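Asks: The structure that follows is given in the form of structure tokens.
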Amino acid sequence: MKAVAAHAPGRVELLGNHTDYNEGYVLSAAIDRGVTLEGRRTEDDRITLNSSAMGMAAVANIKDLRPEKTWGDYPLGVVKCFLDEGFPVGGFEAEITSDLPVGAGLSSSAAIEVATATLLVKLFELEVDPLRIARLCRRAENEFVGMNCGLLDQASSVFGKEHHAIFLDCRSETVKTVAFPNDLALLVTHSGVKHALVGGEYNERREQCFEAAKRLGARTLRDVSLEQLLAARNDLPPLLYKRALHIVGENDRVLQGVEFLKNNEAERFGKLMFESHESSRFNFENSTPELDALVVLASKEDGILGSRLTGGGFGGATVSLIRHGAAASIKESLSLKYKELTGNDCEIYVCDIAQGARIL
Ligand code: GLA
């Protein structure tokens, strides 16, 4: 059988931080970096995945798929979920390549999951609608990898559209795309400090959000308005109030951001990004000194309209909104100043907004 190549992109979260598991709104975009799996069916039950980037292979039997706490859990978890949901998947081998930095908050894990799912659909001639693919991949991450993420990363990787942002309603799980103004570009700056979300802090924030909603008598924080929250301030422990304020504020910012994008109001959109980061730093406490330094430097840089941490936080990267053409000078100035301020090197990528998962 001829080899098939399936590609799935990473994503940036533009606004809507930690809102997905609170059934809220997110604005994201798939980027022109991602993971590719090139593979073919085999005649037996073995799965062999080679990755020169990871420096090792993952080998398993489809009749006995168990998490091994290695990178192989992401693709193998997807195979397991396909099997659990009754899809006739057999043995296959694939080579994995990636140009997404791991631990940058750009969803390299979702990209490998979605690329695996896309390959399985093609190799085994399955009919699976895109939302189901995103959900299956989230299930793999929740149940097999053990990371309680929401739908943001997988949905962004599946539904990405060139030159468009993705507006995701995480309650109804509906996706809309919003045209991204032509004269704007995205700059991703990796702080050099890796984040690892399988750890406890992500889950702790999640629990705090659920507890805040419960105390406010709401199903989730999606159902709480800013007015309600302000009125209930004294009924909540200060920590839970801050956590809730972040989510409620982020939901509002996403809705405003969608309108600003539609009206090509880039400065106002950028301002929302700075506000979002400030709320992460102070209310949700999922930033780091390095990410804060990057955002402060960005706020002083001519040509950067907005900047914030992107993804789960606790390390990783920032995303900044810039005017097209400004990238080269900003890159140079930002990396120099970051080095001076923190002693660290940062990696900077200018990202185009790309198409979602596809067969190449
Ligand atoms: C990680 C998770 C997502 C989402 C973001 C924060 O990327 O995987 O589900 O919760 O953090 O918005």
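Going through the structure tokens in order, the chains are called A, B, and so on, while each chain numbers its residues from 1 and the ligands are numbered from 1 in the order shown.
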Got a sec to check which residues lie within 6 Å of ligand 1, using only C-alpha atoms and all ligand atoms, and send them as a VMD selection string?
Replies: chain A and resid 17 to 20 149 to 153 311 to 312
Asks: Could you list, as a ChimeraX atom specification, every residue within 6 Å of segment 40-46 of chain A, counting only C-alpha atoms and ignoring same-chain residues fewer than 5 positions away?
Replies: /A:3,60-62,90-93
Asks: When you count only C-alpha atoms, which of these residues is closest to Ala140 of chain A: A:Leu186, A:Ala293, A:Val158, A:Ile112?
Replies: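 The answer is A:Ile112, which sits nearest to Ala140 of chain A.
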Asks: Give me every alpha helix (DSSP H) residue in segment 148-234 of chain A, going by DSSP on the backbone, as a PyMOL selection string.
Replies: chain A and resi 152-159+200-215+226-231
Asks: Could you give me, as a list in words, the residues within 7 Å of segment 326-341 of chain A, counting only C-alpha atoms and dropping anything in the same chain fewer than 5 positions from it?
Replies: Leu294, Leu297, Gly303, Cys346 and Ile348 of chain A
Asks: Quick one: residues within 6 Å of segment 95-105 of chain A, only C-alpha atoms counted, chain neighbours fewer than 5 positions away excluded, as a ChimeraX atom specification?
Replies: /A:33-38,49-51,190,194-195,311,316-317
Asks: Could the residues in this selection be saved with C-alpha atoms as a compact mmCIF listing (two decimals), in the first residue's frame?
Replies:
```txt
# COMPACT_ATOMS: atom_id res chain seq x y z
CA ARG A 33 3.54 24.55 12.08
CA GLY A 34 2.44 21.12 13.10
CA VAL A 35 2.90 17.38 13.13
CA THR A 36 2.91 15.03 10.14
CA LEU A 37 2.44 11.27 10.26
CA GLU A 38 3.38 9.37 7.15
CA LEU A 49 5.67 4.74 15.28
CA ASN A 50 9.07 6.21 14.59
CA SER A 51 10.05 9.72 15.45
CA HIS A 190 8.78 30.97 23.41
CA LYS A 194 8.81 24.63 29.14
CA HIS A 195 5.37 24.01 30.49
CA GLY A 311 -2.42 28.14 26.21
CA GLY A 316 5.54 28.23 27.35
CA ALA A 317 5.03 31.10 24.94
```
Asks: Choose the residue, out of A:Arg132, A:Lys161, A:Lys214, A:His246, that has the smallest atom-to-atom separation from Pro9 of chain A; count only C-alpha atoms.
Replies: A:Lys161
